[in-house]
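Notes for the one structure printed next.
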Amino acid sequence: MSLKVKVAVIGATGYTGIELVRLLWQHPYVHLTALTSQSYVDQPLAQVYPHLLPYCGEVCRDQGDEQWLEAEVIFLALPHGHAAPLVERALAAGRRIIDLGADLRLTVPAVYREWYQLEPPAPALLAQAVYGLPELYREQLRQARVVANPGCYPTSVLLALAPAMRAALVEPQTIVIDAKSGVTGAGRSPGLATLYGEVNEGLHPYQVARHRHTPEIEQELARLCGQEVLVTFIPHLVPMSRGILSTIYADLRPGVRFEEVWETYLAAYRDEPFVHLLPRGTWPHTKWVYGSNHCLLALELDQRTGRLIIASAIDNLVKGASGQAVQNLNLMYGWEETTGLEAIPLYP
């Protein structure tokens, strides 16, 4: 391919933004034309992140100079509440958009208002957004003009539960999700909760029964099984840089055997390039997906309780954010889905 697609990243200096830059810089069909930042305007990106010094000579631009509108695809890596006006301007200019934030993920405006305490984007804009989980919405993503990239926790949970929900193997109202994330999931802005002295050598739950990814998880699970779903979701902060490990519990429906569950998962993910079912008895480690776009799954049945146990491991910055965004870009342009994402995980 001789011509490269022009790409801009809005919010390039946050953790998801800089991971996106790292991946896109190595993508064979992408030309980065604009990187914006609120905090580092007119500074070379490699000065902000020196690990990019041998590769990236781009200077961080102000979002207001609108050079980003000259790109064909615009990635938004912004906090919630900032995406809608930029998406509307990009659409008016005929651009394609991949939003890594939360503003376009929830389809019911009242739910967004309740959980984010902000006015939601216009319904017409929400109606155009395709939820960007390729394993569930691959065909819709090929035609998408606007992609709502999923949250990191929902990615780990939905990939773990999708086959069981689609095949009606578990009782939807019995789902309990125990999820643990590295500190980069909280973003790069400094705060008391993520100081080294607060996080190191400790582990704690946070935003119990009120984490904003809860309605996103419930929305997509309801789509999969065709009924309303309420889950118990408990996130925890772990003293590591990257990674999410979600351990999920759900009661099997009467008459469902574990062998049926196993075969359902094998069939669901047999041809998926990034989702892998581990051999029975092997449980995923976040170290095994570090720096990669892969998701590792494991299944077991608690014979005493009849409860299915599913474990899911992803890198929150790659499959949980920026890598998934690149995977969506590949689908939108008809490229091989793994393009730019073939890196083997780092270990140890």
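Chain labels A, B, ... are given in the sequence in which chains occur in the structure tokens; within each chain residues are numbered consecutively from 1, and ligands are likewise numbered from 1 in the order shown.
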
*Identify, with DSSP run on backbone atoms, the residues in stretch 237-343 of chain A assigned to strand (DSSP E or B), and express the list as a ChimeraX atom specification.*
/A:237,244-252,275-277,295-302,307-314

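Omitting A:His82 and its sequence neighbours fewer than 5 positions away, and counting only C-alpha atoms, the residues within 10 Å are Leu76, Ala77, Val87, Gly101, Ala102, Asp103 and Pro121 of chain A.
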
Would you save the residues of that selection, restricted to C-alpha atoms, as a CSV table (one decimal), in the first residue's frame?
chain,number,residue,atom,x,y,z
A,76,LEU,CA,-10.0,11.2,20.9
A,77,ALA,CA,-8.1,10.3,24.2
A,87,VAL,CA,-17.0,14.5,17.2
A,101,GLY,CA,-13.5,8.1,26.3
A,102,ALA,CA,-16.8,7.2,27.8
A,103,ASP,CA,-19.1,9.8,26.2
A,121,PRO,CA,-24.3,13.9,23.9

_Coordinates-based distance that separates atom CA of A:Ile244 from atom CA of A:Ser181 (Å, one decimal)_ = 4.4 Å

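When only C-alpha atoms are used to compute distances to A:Leu301, the closest of the residues A:Gly81, A:Gly320, A:Gly334, A:Gly281 turns out to be A:Gly281.
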
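Shortest separation to A:Arg145 among A:Val318, A:Ala162, A:Ile175, A:Ala90 occurs at residue A:Ala90, atoms counted being only C-alpha atoms.
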
*So, counting only C-alpha atoms, which residue among A:Thr184, A:Arg280, A:Leu3, A:Asp251 is closest to A:Asp315?*
A:Thr184

*asked:* Could you list, as an NGL selection string, every residue within 10 Å of A:Cys56, counting only C-alpha atoms and ignoring same-chain residues fewer than 4 positions away?
replied: :A and (21-22 or 25 or 32 or 44-47 or 49-52)

Could those residues be written to a file, using N, CA and C atoms, as a tab-separated table (two decimals), in the first residue's frame?
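What landed in part-v9.tsv:
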chain	number	residue	atom	x	y	z
A	21	VAL	N	-0.07	6.57	20.39
A	21	VAL	CA	1.00	7.09	19.53
A	21	VAL	C	2.05	6.00	19.28
A	22	ARG	N	2.42	5.28	20.34
A	22	ARG	CA	3.42	4.21	20.18
A	22	ARG	C	2.98	3.18	19.16
A	25	TRP	N	2.62	4.76	15.51
A	25	TRP	CA	3.91	5.10	14.90
A	25	TRP	C	4.50	3.89	14.18
A	32	LEU	N	0.96	9.85	11.13
A	32	LEU	CA	0.51	10.75	12.19
A	32	LEU	C	0.74	12.19	11.76
A	44	PRO	N	8.05	19.27	22.18
A	44	PRO	CA	8.20	18.01	21.45
A	44	PRO	C	7.68	16.84	22.29
A	45	LEU	N	6.95	15.95	21.65
A	45	LEU	CA	6.40	14.82	22.39
A	45	LEU	C	7.50	13.98	23.02
A	46	ALA	N	8.65	13.87	22.34
A	46	ALA	CA	9.76	13.09	22.88
A	46	ALA	C	10.42	13.75	24.07
A	47	GLN	N	10.12	15.02	24.30
A	47	GLN	CA	10.59	15.70	25.51
A	47	GLN	C	9.69	15.33	26.69
A	49	TYR	N	7.86	12.46	26.75
A	49	TYR	CA	8.07	11.03	26.89
A	49	TYR	C	9.37	10.65	26.19
A	50	PRO	N	10.51	10.72	26.88
A	50	PRO	CA	11.81	10.51	26.24
A	50	PRO	C	12.00	9.14	25.61
A	51	HIS	N	11.19	8.14	25.96
A	51	HIS	CA	11.35	6.83	25.32
A	51	HIS	C	11.03	6.88	23.83
A	52	LEU	N	10.38	7.98	23.39
A	52	LEU	CA	10.05	8.15	21.98
A	52	LEU	C	11.12	8.94	21.21

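Of the listed residues A:Val326, A:Leu53, A:Ala71, A:Ala148, the one whose atoms come nearest to A:Ala8 is A:Ala71, with distances taken using only C-alpha atoms.
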
*List every residue of stretch 109-138 of chain A that DSSP, applied to the backbone, labels as helix (DSSP H, G or I), and write the result as a VMD selection string.*
chain A and resid 109 to 116 123 to 128 134 to 138

Could those residues be written to a file, using C-alpha atoms, as a compact mmCIF listing (two decimals), in the first residue's frame?
# COMPACT_ATOMS: atom_id res chain seq x y z
CA PRO A 109 -28.83 9.46 27.76
CA ALA A 110 -30.45 9.27 31.20
CA VAL A 111 -28.03 6.53 32.24
CA TYR A 112 -25.05 8.67 31.24
CA ARG A 113 -26.51 11.61 33.17
CA GLU A 114 -27.01 9.45 36.27
CA TRP A 115 -23.55 7.89 36.36
CA TYR A 116 -21.39 10.75 35.03
CA PRO A 123 -29.22 11.23 20.86
CA ALA A 124 -28.53 11.60 17.13
CA LEU A 125 -24.81 11.46 17.83
CA LEU A 126 -25.15 8.44 20.13
CA ALA A 127 -27.15 6.66 17.44
CA GLN A 128 -24.19 6.88 15.03
CA PRO A 134 -14.51 -6.23 17.55
CA GLU A 135 -15.30 -9.69 18.86
CA LEU A 136 -18.95 -8.65 19.24
CA TYR A 137 -19.51 -5.99 16.56
CA ARG A 138 -16.98 -6.72 13.84

*Fewer than 5 positions away in the same chain doesn't count, so skip those; otherwise give me all residues within 9 Å of A:Ile309, counting only C-alpha atoms, as a list in words.*
Thr247, Ile248, Tyr249, Ala250, Asp251, Ala298, Leu299, Glu300, Leu301 and Asp302 of chain A

*asked:* Report as a ChimeraX atom specification all protein, DNA and RNA residues lying within 8 Å of A:Leu100, evaluated on only C-alpha atoms, omitting residues in the same chain fewer than 5 positions from it.
replied: /A:75-78,148-151,321-322,325

*Pick out the residues sitting within 8 Å of stretch 266-273 of chain A, and hand them over as a PyMOL selection string; count only C-alpha atoms, and ignore anything fewer than 2 positions along from it in its own chain.*
chain A and resi 135+163+262-264+275-277+338

_Separation of atom CA of A:Leu221 from atom CA of A:Ile74 in Å_ = 28.4 Å

Do you have, as CSV, the list of residues of stretch 46-138 of chain A lying at most 9 Å from stretch 33-36 of chain A, each with its nearest atom pair and that distance in Å to one decimal, counting only C-alpha atoms and ordered by chain then number?
residue,atom,partner,partner_atom,distance
A:Glu58,CA,A:Leu35,CA,7.3
A:Val59,CA,A:Leu35,CA,7.2
A:Cys60,CA,A:Thr36,CA,5.0
A:Arg61,CA,A:Thr36,CA,4.5
A:Asp62,CA,A:Thr36,CA,5.5
A:Gln63,CA,A:Thr36,CA,5.5
A:Gln67,CA,A:Ala34,CA,6.6
A:Trp68,CA,A:Ala34,CA,5.4
A:Leu69,CA,A:Ala34,CA,8.9
A:Glu70,CA,A:Thr33,CA,8.2
A:Ala71,CA,A:Thr33,CA,6.6

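For the set A:Ala313, A:Val9, A:Leu159, A:Cys225, the residue with the smallest atom-to-atom gap to A:Val30 is A:Val9, counting only C-alpha atoms.
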
*Give me the residues within 12 Å of A:Pro28 as an MDAnalysis selection string, counting only C-alpha atoms and dropping any in the same chain fewer than 2 places off.*
chainID A and resid 1:6 23:26 30:32 326 330 335:336 338:342
